[in-house]
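Chemist: Quick one: structure below, then a few questions.
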There are 2 protein chains.
Amino acid sequence: MKDNPTPGYAGRILRVDLSRGRIRKVSIEHSLLRRFIGGSGLAAKILFDETRPDTDPLSPENLLIFMTGPVTATNVPMSGRYQVVSKSPLTGIYGESDSGGSWGPELKKAGFDGVVISGRSAKPVYLWISDGIAELRDASHIWGLDTYETDRAVRDETDRYAVIACIGPAGEKLARIAGIINDGKHGRAAARCGLGAVMGSKLLKAIAVRGTGGIEVADPDGLQESIRKIAPSIIEKAKRLHDYGTSGGMTSIEAIGDLPIKNWLLGSWREGAERLSGQEMARTILSGRYYCRGCIVGCGREVSFEDERYGRVEGAGPEYETLAMIGANCLIDDLKAVAKANELCNRYGLDTISTGAVIAFAMEAYEHGLISREETGGIKLVWGDPNAMLSMIDKIGRRESKLGWILGEGVMRAAEKIGGISAEFAIHVKGLELPAHDPRAYYSQGVSYATSNRGACHLQSLSHIFERGVTLPDLGFPEIQERHSTYRKGELVAKAQNLMCMFDSLKVCKFILFGGVKPSTLVEWLNMVTGWNMTLGEFMQAGERIFNLKRLYNIREGISRKDDTLPPRILTHKRGSGGSADALPPLGELLSQYYSYRGWNEFGVPSREKVTELRLEEEARFLYK
Amino acid sequence: MKDNPTPGYAGRILRVDLSRGRIRKVSIEHSLLRRFIGGSGLAAKILFDETRPDTDPLSPENLLIFMTGPVTATNVPMSGRYQVVSKSPLTGIYGESDSGGSWGPELKKAGFDGVVISGRSAKPVYLWISDGIAELRDASHIWGLDTYETDRAVRDETDRYAVIACIGPAGEKLARIAGIINDGKHGRAAARCGLGAVMGSKLLKAIAVRGTGGIEVADPDGLQESIRKIAPSIIEKAKRLHDYGTSGGMTSIEAIGDLPIKNWLLGSWREGAERLSGQEMARTILSGRYYCRGCIVGCGREVSFEDERYGRVEGAGPEYETLAMIGANCLIDDLKAVAKANELCNRYGLDTISTGAVIAFAMEAYEHGLISREETGGIKLVWGDPNAMLSMIDKIGRRESKLGWILGEGVMRAAEKIGGISAEFAIHVKGLELPAHDPRAYYSQGVSYATSNRGACHLQSLSHIFERGVTLPDLGFPEIQERHSTYRKGELVAKAQNLMCMFDSLKVCKFILFGGVKPSTLVEWLNMVTGWNMTLGEFMQAGERIFNLKRLYNIREGISRKDDTLPPRILTHKRGSGGSADALPPLGELLSQYYSYRGWNEFGVPSREKVTELRLEEEARFLYK
């Protein structure tokens, strides 16, 4: 047995204790890498071990973990992403988010697989990592800058080729819907779960990385050959993503009844969807396409325009989720306004999904007289008004006025503060606002949102693509699944979640599935990089282990079946028109299948047998006390 | 127009202010009687007008309303019931309960349609009402007596023919699952919603009534003739109820998968059900059958036995609900033990449904180590142990020990106190423990439990009988409905709830439906009694008005769609065997139909059109502030 049984993957972690200003390099033991892989899985294990139910997410005791995966920065296509993991201040449970761009690969090339931040700095600092060396630097002079400004300022002080992940004013001021932005005006975001607020609570403004090292790969030739063969077909199959970005499907998403409209109340909005589509963007404000490091698709949008109402907008363009949540869900069909909103959210460091959700929430509250015009500072917060929307983003981003503060807490807390009937239209699961796919359109996303470990999330299963255009023959689903059926949906979602745990641990962009890459190919690549000899079965079991570890984390926090649900509007209110007019997800049946397939007991807790099977006995010990 | 437009129904109410020791007689105006009928409807209107969202159910500001209906004490068969209405200390929302026996008719013959209690006495008192005269008497010497003892003591002091409604030690000590018991050892109970605790909070031990007056009826000959024709067929059709009581259907209820077993976890328990059946009772401990005043069926059980473990038991025997909740739901198949438990609950003044539920809850908590043997006082609180169950009833009834106190608060609060996973098996809706019919067996009861104004309740719609053996041709349901289907279930439940509001307002025993009596016959009888000329349409609309009034009460307390749900166990856990092995109520679809049929909006609030249609504009005004 060799000294390093994983030639292509060392598990080198930088541990930064901000309270003591101490930086250490540690190595993760090989057995842990095999059990939890890297990225999301490895970070979840560290979070599980080092935080507790009484850990306040915004306290020094919380960890903020940045993690790449074994394939990051290799030639594996679309491996430019990194994961951020922490206890979420938005949901109070396991939180994670990921982002593309070049930050992750840059960190890897600087010699680290991840960075684990603990404690709280006495004053604002940033972390500067350059080819194996790390130091904390004063950030007092950049505290208060927006993320685009921060990116430039930190690169000016460090290295013009450094890549910066940072927070804006929203994260500094602990808005629970604040995210972390990297790659400056390219606007890549680890946005969900309020992890920007965790970074703000630690007074950590930014992490700048510069890496010029090589990446060791166990079988470079084999990997190169495999990729060479498949890359053209990925490019071909994902062509619409390249041409029109994530919003290239906007009009068909509207037609199928999947687009949230007017805070999830309405069924169709065809003309609005056309105005917000990727095709419309390509015809008007698009200035370029953005590729994350190692990407061969290029779904990112770059926009550039000058508008008398919105001024000059230049840089990252809005994704589908942003167009849907800030646009359609607020009945706003002005593409330029949403592009402006996108830039504002990036600069403030706000999650565009949660921001769109909370503005739609506020518009509904305003309509019902629960928010007064006095409280909005004179703004008529009416459906479809771009200026009202943009003003609210300013208020939320700066945490200005009582209302701006409240909305920055996310819809769950905003509803608690505003009271009255507002809990009825605070559309979230476990505190995380629903993203822009509707469980009434795809039943699998019903059970997925209800059980996702970070709260309502489409990406933690991406299961709706298996009800639309993508098959999973490797995993027993050689055909597209019927979206308005319960048939095998528990199994589908559980397997999809396990698979996504692997995507998030490797880390590979999930959109590679649109390029026709199958799970077995991922296993091949992982083995070629690491020198491991995993089977598809072991690979999927690792995903299952990671998913169950996160569930165990949440169970320790008090989560059980009672929390695995959907907002009443999604469960009981029909869209009324469009492609999902009469559908409501039969959640009880879906969950029953799901728990059964997962081997979870009557409380939604992994059974003893399942725990043993997944070798999680140590982690599950708290269950049997 | 005559002075009294309702010859057979005067609307005379006794108002008793316990704080001031003041008693007044008031008359309800005729228009209010036409809008809200009497019983539950009229009491709901008084409660709506005189309590507020900030009214603490156990404060002097709460009202405790005893109400009969227009047909009470007339020749209308099975009209011996009365309603108790109050803000519930168990649920914090609209609360009501009803009881048979002879108390209601006796009150009516004493010259009153109802008694409205307000305030709080400085010392224990009882109210003595005798033929138009009412007085408060000291009850210090009987405070602490059980209900059977209280019955005897108060009759000794007043009139041996007086009828007593009273509380036992549980109500005195404010157990939130305490009820009100009348007719002494005949053990008739207005048990649900913790109204015994409201009575206890007012230091009102009992209300004794004696009435010898006649009852005026508008068309006595017509009424007599109508009843003469139908009575034999009622008796014939309801013969099983007479022969074997409410538990005559125990084994078929078990077979169909409707019986709660082991805190709603299991699917079948055939031998246990046989041992608890009405047939077994008739073969063993049955000593007689009990008829409420005016009843021609006699479903009440009287039992008598001497047992070395349980001593002498004599008086009211257990109903189906008691046998199911204290027996099957705790896996106890010892009929005598349940009969003993029934007597204990009656004596302490406890709701047998909630008591059975909270003991099953405690057994499950004990199994999972959330209640220790130290906390039980050494009792092994294991499934199926009659002695453990009986000991717990003593502890709850006397509120002895911390555990006894906690369980007397009901399962919702007990789960909050005990914590951990226990919320998963606190089986309630809006704080009211589920009665012994399973929404997994009858989908209609799913939507019924979720929307019943007092929390989980089968009687507020009785809808499952329309999925079993009873039709409603008058109301558009000429055939038995398929129980595991969603077809027209929203409409069925809404209509059934409206109808039950009328049963509870008239007041007529709902079991008359088993005797084949149709709603149109009730309308006929109501008109003959009152001299009104209601159509079936008006009659059903009055029921709808009353149901919506209670909903408005609850909306004012903060209830909306988010609260209209079922416990996760009922929604997601399959029974696994028996007649409902694989069924789960598709609640979202059921509720969607229901809200739509009811004309309730996206929040579960009656629309403005519905409010106008039902002439509830004044009551609904708070919605539009």
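Letters A, B, ... go to the chains of the structure tokens in the order shown; residues in each chain start at 1; ligands are counted from 1 in the same order.
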For chain B, report every residue with an atom at most 8 Å from chain A (counting only C-alpha atoms), formatted as a PDB file with N, CA and C atoms, in the first residue's frame.

Modeler:
ATOM      1  N   GLY B 420     -38.122  16.538  21.848  1.00  0.00           N
ATOM      2  CA  GLY B 420     -37.571  15.473  21.023  1.00  0.00           C
ATOM      3  C   GLY B 420     -38.476  15.175  19.841  1.00  0.00           C
ATOM      4  N   ILE B 421     -38.550  13.919  19.521  1.00  0.00           N
ATOM      5  CA  ILE B 421     -39.309  13.504  18.353  1.00  0.00           C
ATOM      6  C   ILE B 421     -40.808  13.428  18.653  1.00  0.00           C
ATOM      7  N   ALA B 423     -43.288  15.350  18.910  1.00  0.00           N
ATOM      8  CA  ALA B 423     -44.275  16.050  18.083  1.00  0.00           C
ATOM      9  C   ALA B 423     -44.751  15.167  16.932  1.00  0.00           C
ATOM     10  N   GLU B 424     -43.910  14.213  16.531  1.00  0.00           N
ATOM     11  CA  GLU B 424     -44.267  13.306  15.444  1.00  0.00           C
ATOM     12  C   GLU B 424     -45.446  12.411  15.803  1.00  0.00           C
ATOM     13  N   GLY B 558     -56.662  33.848  13.949  1.00  0.00           N
ATOM     14  CA  GLY B 558     -55.418  33.593  13.210  1.00  0.00           C
ATOM     15  C   GLY B 558     -55.407  32.327  12.370  1.00  0.00           C
ATOM     16  N   SER B 560     -56.017  29.929   9.236  1.00  0.00           N
ATOM     17  CA  SER B 560     -56.167  30.021   7.782  1.00  0.00           C
ATOM     18  C   SER B 560     -55.777  28.678   7.171  1.00  0.00           C
ATOM     19  N   ARG B 561     -55.619  28.649   5.843  1.00  0.00           N
ATOM     20  CA  ARG B 561     -55.306  27.374   5.176  1.00  0.00           C
ATOM     21  C   ARG B 561     -54.138  26.646   5.826  1.00  0.00           C
ATOM     22  N   LYS B 562     -53.149  27.387   6.260  1.00  0.00           N
ATOM     23  CA  LYS B 562     -51.950  26.755   6.827  1.00  0.00           C
ATOM     24  C   LYS B 562     -52.291  25.831   7.990  1.00  0.00           C
ATOM     25  N   PRO B 567     -52.064  15.371  10.897  1.00  0.00           N
ATOM     26  CA  PRO B 567     -50.749  14.983  11.426  1.00  0.00           C
ATOM     27  C   PRO B 567     -49.941  14.244  10.350  1.00  0.00           C
ATOM     28  N   PRO B 568     -48.616  14.422  10.356  1.00  0.00           N
ATOM     29  CA  PRO B 568     -47.778  13.756   9.353  1.00  0.00           C
ATOM     30  C   PRO B 568     -47.989  12.243   9.308  1.00  0.00           C
ATOM     31  N   ARG B 569     -48.273  11.652  10.458  1.00  0.00           N
ATOM     32  CA  ARG B 569     -48.485  10.197  10.465  1.00  0.00           C
ATOM     33  C   ARG B 569     -49.686   9.814   9.607  1.00  0.00           C
ATOM     34  N   LEU B 571     -50.914  11.625   7.120  1.00  0.00           N
ATOM     35  CA  LEU B 571     -50.675  12.026   5.730  1.00  0.00           C
ATOM     36  C   LEU B 571     -49.672  11.130   5.017  1.00  0.00           C
ATOM     37  N   THR B 572     -48.695  10.594   5.763  1.00  0.00           N
ATOM     38  CA  THR B 572     -47.557   9.963   5.076  1.00  0.00           C
ATOM     39  C   THR B 572     -47.268   8.522   5.486  1.00  0.00           C
ATOM     40  N   HIS B 573     -47.870   8.058   6.572  1.00  0.00           N
ATOM     41  CA  HIS B 573     -47.570   6.692   7.034  1.00  0.00           C
ATOM     42  C   HIS B 573     -48.728   5.759   6.686  1.00  0.00           C
ATOM     43  N   LYS B 574     -48.449   4.756   5.884  1.00  0.00           N
ATOM     44  CA  LYS B 574     -49.501   3.820   5.511  1.00  0.00           C
ATOM     45  C   LYS B 574     -49.759   2.813   6.619  1.00  0.00           C
ATOM     46  N   LEU B 584     -53.689   6.733   1.564  1.00  0.00           N
ATOM     47  CA  LEU B 584     -53.358   7.966   2.271  1.00  0.00           C
ATOM     48  C   LEU B 584     -54.265   9.056   1.690  1.00  0.00           C
ATOM     49  N   PRO B 585     -54.873   9.867   2.545  1.00  0.00           N
ATOM     50  CA  PRO B 585     -55.784  10.880   2.008  1.00  0.00           C
ATOM     51  C   PRO B 585     -55.025  11.928   1.195  1.00  0.00           C
ATOM     52  N   PRO B 586     -55.404  12.137  -0.073  1.00  0.00           N
ATOM     53  CA  PRO B 586     -54.742  13.170  -0.896  1.00  0.00           C
ATOM     54  C   PRO B 586     -55.280  14.541  -0.493  1.00  0.00           C
ATOM     55  N   LEU B 587     -54.755  15.044   0.601  1.00  0.00           N
ATOM     56  CA  LEU B 587     -55.384  16.183   1.272  1.00  0.00           C
ATOM     57  C   LEU B 587     -55.410  17.445   0.426  1.00  0.00           C
ATOM     58  N   GLY B 588     -54.339  17.700  -0.329  1.00  0.00           N
ATOM     59  CA  GLY B 588     -54.302  18.922  -1.133  1.00  0.00           C
ATOM     60  C   GLY B 588     -55.467  18.996  -2.103  1.00  0.00           C
ATOM     61  N   GLU B 589     -55.690  17.922  -2.842  1.00  0.00           N
ATOM     62  CA  GLU B 589     -56.784  17.884  -3.805  1.00  0.00           C
ATOM     63  C   GLU B 589     -58.132  18.005  -3.087  1.00  0.00           C
ATOM     64  N   LEU B 591     -58.786  19.419  -0.188  1.00  0.00           N
ATOM     65  CA  LEU B 591     -58.977  20.774   0.331  1.00  0.00           C
ATOM     66  C   LEU B 591     -59.272  21.756  -0.803  1.00  0.00           C
ATOM     67  N   SER B 592     -58.576  21.577  -1.916  1.00  0.00           N
ATOM     68  CA  SER B 592     -58.801  22.470  -3.049  1.00  0.00           C
ATOM     69  C   SER B 592     -60.268  22.443  -3.465  1.00  0.00           C
ATOM     70  N   GLU B 602     -58.048  32.281  -1.471  1.00  0.00           N
ATOM     71  CA  GLU B 602     -56.752  31.601  -1.447  1.00  0.00           C
ATOM     72  C   GLU B 602     -56.166  31.480  -0.046  1.00  0.00           C
ATOM     73  N   PHE B 603     -56.765  32.152   0.912  1.00  0.00           N
ATOM     74  CA  PHE B 603     -56.283  32.038   2.295  1.00  0.00           C
ATOM     75  C   PHE B 603     -57.188  31.124   3.146  1.00  0.00           C
TER      76      PHE B 603
END

Chemist: Which one of A:Glu524, A:Glu619, A:Asp307, A:Asp131 sits closest to Gln224 in chain A if you count only C-alpha atoms?

Modeler: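 For Gln224 in chain A, the nearest of the candidates is A:Glu524.
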
Chemist: What's the separation between CA of Lys495 in chain A and CA of Gln83 in chain A, in Å to one decimal place?

Modeler: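 CA of Gln83 in chain A lies 20.6 Å from CA of Lys495 in chain A.
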
Chemist: Using only C-alpha atoms, pick whichever of A:Ile235, A:Ile396, A:Cys330, A:Leu350 has the shortest atom-to-atom distance to Ile180 in chain A.

Modeler: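 Closest candidate: A:Leu350.
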
Chemist: Under the rule that only C-alpha atoms are counted, which of A:Lys173, A:His464, A:Lys262, A:Lys550 is the nearest residue to Ile427 in chain A?

Modeler: A:Lys262

Chemist: Would you compute the distance between CA of Lys205 in chain A and CA of Tyr126 in chain A? Give it in Å to one decimal.

Modeler: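 Going from CA of Lys205 in chain A over to CA of Tyr126 in chain A, I get 5.3 Å.
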
Chemist: DSSP on the backbone: what in range 303-431 of chain B comes out strand (DSSP E or B), as a list of chain:residue names?

Modeler: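 Selection result, strand (DSSP E or B) within range 303-431 of chain B: B:Val303, B:Ser304, B:Phe305, B:Glu306, B:Asp307, B:Gly311, B:Arg312, B:Val313, B:Glu314, B:Gly315, B:Ala316, B:Leu350, B:His428, B:Val429.
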
Chemist: Just to be explicit: take each residue in the selection above, keep all heavy atoms, and write the result as a JSON list (two decimals), in the first residue's frame.

Modeler:
[["chain", "number", "residue", "atom", "x", "y", "z"],
["B", 303, "VAL", "N", -73.25, -0.98, 32.25],
["B", 303, "VAL", "CA", -72.52, -2.20, 32.59],
["B", 303, "VAL", "C", -72.48, -2.40, 34.10],
["B", 303, "VAL", "O", -72.68, -1.45, 34.86],
["B", 303, "VAL", "CB", -71.07, -2.18, 32.04],
["B", 303, "VAL", "CG1", -71.05, -2.14, 30.52],
["B", 303, "VAL", "CG2", -70.27, -1.04, 32.63],
["B", 304, "SER", "N", -72.24, -3.59, 34.48],
["B", 304, "SER", "CA", -72.15, -3.90, 35.91],
["B", 304, "SER", "C", -71.30, -5.15, 36.07],
["B", 304, "SER", "O", -71.58, -6.18, 35.46],
["B", 304, "SER", "CB", -73.56, -4.13, 36.46],
["B", 304, "SER", "OG", -73.48, -4.58, 37.79],
["B", 305, "PHE", "N", -70.23, -5.04, 36.79],
["B", 305, "PHE", "CA", -69.44, -6.24, 37.11],
["B", 305, "PHE", "C", -68.55, -5.97, 38.31],
["B", 305, "PHE", "O", -68.33, -4.82, 38.70],
["B", 305, "PHE", "CB", -68.62, -6.69, 35.89],
["B", 305, "PHE", "CG", -67.56, -5.70, 35.45],
["B", 305, "PHE", "CD1", -66.26, -5.73, 35.99],
["B", 305, "PHE", "CD2", -67.84, -4.74, 34.49],
["B", 305, "PHE", "CE1", -65.30, -4.83, 35.57],
["B", 305, "PHE", "CE2", -66.87, -3.84, 34.07],
["B", 305, "PHE", "CZ", -65.60, -3.87, 34.61],
["B", 306, "GLU", "N", -68.10, -7.06, 38.85],
["B", 306, "GLU", "CA", -67.16, -6.99, 39.97],
["B", 306, "GLU", "C", -65.92, -7.73, 39.50],
["B", 306, "GLU", "O", -66.02, -8.82, 38.94],
["B", 306, "GLU", "CB", -67.77, -7.67, 41.19],
["B", 306, "GLU", "CG", -66.89, -7.72, 42.39],
["B", 306, "GLU", "CD", -67.27, -6.66, 43.42],
["B", 306, "GLU", "OE1", -68.47, -6.31, 43.50],
["B", 306, "GLU", "OE2", -66.36, -6.20, 44.12],
["B", 307, "ASP", "N", -64.78, -7.14, 39.65],
["B", 307, "ASP", "CA", -63.55, -7.77, 39.17],
["B", 307, "ASP", "C", -62.47, -7.60, 40.21],
["B", 307, "ASP", "O", -62.34, -6.54, 40.81],
["B", 307, "ASP", "CB", -63.13, -7.13, 37.84],
["B", 307, "ASP", "CG", -61.91, -7.80, 37.23],
["B", 307, "ASP", "OD1", -60.78, -7.42, 37.62],
["B", 307, "ASP", "OD2", -62.09, -8.70, 36.40],
["B", 311, "GLY", "N", -62.21, -3.93, 40.82],
["B", 311, "GLY", "CA", -63.26, -3.66, 41.78],
["B", 311, "GLY", "C", -64.64, -3.67, 41.13],
["B", 311, "GLY", "O", -64.85, -4.28, 40.08],
["B", 312, "ARG", "N", -65.58, -2.97, 41.78],
["B", 312, "ARG", "CA", -66.95, -2.93, 41.28],
["B", 312, "ARG", "C", -67.10, -1.80, 40.26],
["B", 312, "ARG", "O", -66.73, -0.67, 40.53],
["B", 312, "ARG", "CB", -67.89, -2.72, 42.47],
["B", 312, "ARG", "CG", -69.32, -2.50, 42.13],
["B", 312, "ARG", "CD", -70.31, -3.40, 42.93],
["B", 312, "ARG", "NE", -71.54, -3.54, 42.16],
["B", 312, "ARG", "CZ", -71.73, -4.51, 41.25],
["B", 312, "ARG", "NH1", -70.83, -5.44, 41.07],
["B", 312, "ARG", "NH2", -72.85, -4.54, 40.54],
["B", 313, "VAL", "N", -67.60, -2.11, 39.08],
["B", 313, "VAL", "CA", -67.87, -1.10, 38.07],
["B", 313, "VAL", "C", -69.35, -1.15, 37.76],
["B", 313, "VAL", "O", -69.90, -2.22, 37.48],
["B", 313, "VAL", "CB", -67.04, -1.35, 36.79],
["B", 313, "VAL", "CG1", -67.44, -0.38, 35.69],
["B", 313, "VAL", "CG2", -65.55, -1.24, 37.10],
["B", 314, "GLU", "N", -70.00, 0.02, 37.83],
["B", 314, "GLU", "CA", -71.44, 0.01, 37.60],
["B", 314, "GLU", "C", -71.87, 1.36, 37.05],
["B", 314, "GLU", "O", -71.53, 2.40, 37.61],
["B", 314, "GLU", "CB", -72.19, -0.29, 38.89],
["B", 314, "GLU", "CG", -73.63, -0.62, 38.63],
["B", 314, "GLU", "CD", -74.33, -1.18, 39.87],
["B", 314, "GLU", "OE1", -73.65, -1.39, 40.89],
["B", 314, "GLU", "OE2", -75.55, -1.37, 39.79],
["B", 315, "GLY", "N", -72.62, 1.32, 35.98],
["B", 315, "GLY", "CA", -73.11, 2.58, 35.39],
["B", 315, "GLY", "C", -72.82, 2.59, 33.91],
["B", 315, "GLY", "O", -72.82, 1.54, 33.26],
["B", 316, "ALA", "N", -72.54, 3.77, 33.42],
["B", 316, "ALA", "CA", -72.32, 3.94, 31.98],
["B", 316, "ALA", "C", -71.21, 3.02, 31.49],
["B", 316, "ALA", "O", -70.15, 2.92, 32.11],
["B", 316, "ALA", "CB", -71.95, 5.38, 31.68],
["B", 350, "LEU", "N", -63.16, 13.56, 32.50],
["B", 350, "LEU", "CA", -62.15, 13.61, 31.44],
["B", 350, "LEU", "C", -62.77, 13.16, 30.13],
["B", 350, "LEU", "O", -63.61, 12.25, 30.11],
["B", 350, "LEU", "CB", -60.98, 12.68, 31.77],
["B", 350, "LEU", "CG", -59.97, 13.15, 32.81],
["B", 350, "LEU", "CD1", -59.02, 12.01, 33.18],
["B", 350, "LEU", "CD2", -59.18, 14.36, 32.29],
["B", 428, "HIS", "N", -53.03, 15.16, 16.51],
["B", 428, "HIS", "CA", -54.09, 16.15, 16.71],
["B", 428, "HIS", "C", -54.20, 17.05, 15.49],
["B", 428, "HIS", "O", -53.31, 17.07, 14.64],
["B", 428, "HIS", "CB", -53.79, 17.00, 17.94],
["B", 428, "HIS", "CG", -52.61, 17.92, 17.74],
["B", 428, "HIS", "ND1", -52.74, 19.20, 17.23],
["B", 428, "HIS", "CD2", -51.28, 17.74, 17.92],
["B", 428, "HIS", "CE1", -51.55, 19.76, 17.13],
["B", 428, "HIS", "NE2", -50.64, 18.91, 17.54],
["B", 429, "VAL", "N", -55.30, 17.78, 15.40],
["B", 429, "VAL", "CA", -55.41, 18.89, 14.46],
["B", 429, "VAL", "C", -55.81, 20.12, 15.24],
["B", 429, "VAL", "O", -56.79, 20.08, 16.01],
["B", 429, "VAL", "CB", -56.46, 18.61, 13.36],
["B", 429, "VAL", "CG1", -56.66, 19.84, 12.47],
["B", 429, "VAL", "CG2", -56.06, 17.41, 12.51]]

Chemist: Tell me which protein, DNA and RNA residues are within 7 Å of range 332-348 of chain A, counting only C-alpha atoms, leaving out same-chain ones fewer than 4 positions away, and put them as a ChimeraX atom specification.

Modeler: /A:146-148,168-170,181,187,272,275-276,310,313,317-318,322-323,326-328,352,384-386,390,397

Chemist: So, counting only C-alpha atoms, which residue among B:Gly194, B:Val71, B:Gly579, B:Cys166 is closest to Arg270 in chain B?

Modeler: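 Ranking B:Gly194, B:Val71, B:Gly579, B:Cys166 by distance to Arg270 in chain B, first place goes to B:Gly579.
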
Chemist: Ser577 in chain B: which residues within 8 Å, counting only C-alpha atoms, same-chain residues fewer than 2 positions away excluded, as a PDB file with C-alpha atoms, in the first residue's frame?

Modeler:
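Output file part.pdb follows:
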ATOM      1  CA  GLY B 257     -58.979  -0.215   8.355  1.00  0.00           C
ATOM      2  CA  LEU B 266     -50.795  -0.310  12.724  1.00  0.00           C
ATOM      3  CA  GLY B 267     -53.235  -1.573  10.147  1.00  0.00           C
ATOM      4  CA  SER B 268     -55.030  -4.476  11.764  1.00  0.00           C
ATOM      5  CA  ARG B 575     -51.376   1.444   7.787  1.00  0.00           C
ATOM      6  CA  GLY B 579     -58.790  -2.694   4.718  1.00  0.00           C
ATOM      7  CA  SER B 580     -56.936   0.584   4.250  1.00  0.00           C
ATOM      8  CA  ALA B 581     -53.425  -0.824   3.960  1.00  0.00           C
ATOM      9  CA  ASP B 582     -52.144   1.422   1.185  1.00  0.00           C
TER      10      ASP B 582
END

Chemist: For CA of Ser247 in chain A and CA of Asp394 in chain A, quote the distance in Å rounded to one decimal.

Modeler: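 That distance, rounded to one decimal, is 24.7 Å.
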
Chemist: Near Arg210 in chain A, within 8 Å and counting only C-alpha atoms, which residues show up once chain neighbours fewer than 6 positions away are dropped, as a ChimeraX atom specification?

Modeler: /A:106-107,109-110,129-131,159,161-163

Chemist: My list of candidates is A:Ala165, A:Ile261, A:Ile65, A:Ile215. Which is closest to Gly578 in chain A when distances are computed with only C-alpha atoms?

Modeler: A:Ile261

Chemist: Find the residues around range 465-469 of chain B up to 9 Å (only C-alpha atoms counted), leave out those fewer than 3 positions away in its own chain, and share them as a PyMOL selection string.

Modeler: chain B and resi 442-444+462+472+477+479-484+492+496+514

Chemist: Just C-alpha atoms for this one: save the residues we selected as a PDB file, in the first residue's frame.

Modeler:
ATOM      1  CA  TYR B 442     -62.413   7.504   4.737  1.00  0.00           C
ATOM      2  CA  TYR B 443     -60.929  10.276   2.641  1.00  0.00           C
ATOM      3  CA  SER B 444     -63.849  12.548   3.440  1.00  0.00           C
ATOM      4  CA  LEU B 462     -70.084  12.593  10.157  1.00  0.00           C
ATOM      5  CA  LEU B 472     -78.126  11.843   1.279  1.00  0.00           C
ATOM      6  CA  PHE B 477     -75.841  12.193  -2.940  1.00  0.00           C
ATOM      7  CA  GLU B 479     -75.648   6.747  -3.609  1.00  0.00           C
ATOM      8  CA  ILE B 480     -72.987   5.673  -1.146  1.00  0.00           C
ATOM      9  CA  GLN B 481     -69.737   7.461  -2.006  1.00  0.00           C
ATOM     10  CA  GLU B 482     -66.519   5.569  -2.720  1.00  0.00           C
ATOM     11  CA  ARG B 483     -64.393   6.016   0.399  1.00  0.00           C
ATOM     12  CA  HIS B 484     -60.981   5.954  -1.264  1.00  0.00           C
ATOM     13  CA  LEU B 492     -69.819  16.155   0.334  1.00  0.00           C
ATOM     14  CA  ALA B 496     -72.255  17.353   5.668  1.00  0.00           C
ATOM     15  CA  PHE B 514     -78.862   5.688  10.902  1.00  0.00           C
TER      16      PHE B 514
END

Chemist: Hey, which of A:Leu459, A:Cys292, A:Ala362, A:Leu14 ends up closest to Asp504 in chain A? Count only C-alpha atoms.

Modeler: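 Checking each candidate against Asp504 in chain A, we get A:Leu459 as the closest.
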
Chemist: Extract the full set of alpha helix (DSSP H) residues from range 187-369 of chain A according to DSSP on the backbone, and format it as JSON, numbers by chain.

Modeler: {"A": [195, 196, 197, 198, 199, 200, 201, 220, 221, 222, 223, 224, 225, 226, 227, 228, 229, 230, 231, 232, 233, 234, 235, 236, 237, 239, 240, 241, 242, 243, 244, 250, 251, 252, 253, 254, 255, 270, 271, 272, 273, 274, 275, 276, 278, 279, 280, 281, 282, 283, 320, 321, 322, 335, 336, 337, 338, 339, 340, 341, 342, 343, 344, 345, 346, 347, 348, 352, 353, 354, 355, 356, 357, 358, 359, 360, 361, 362, 363, 364, 365, 366, 367]}

Chemist: Residues near Thr521 in chain B, anyone? I mean within 10 Å using only C-alpha atoms, not counting same-chain ones fewer than 6 positions away, as a list in words.

Modeler: Ser226, Ile227, Ile230, Asp474, Asn527 and Leu536 of chain B
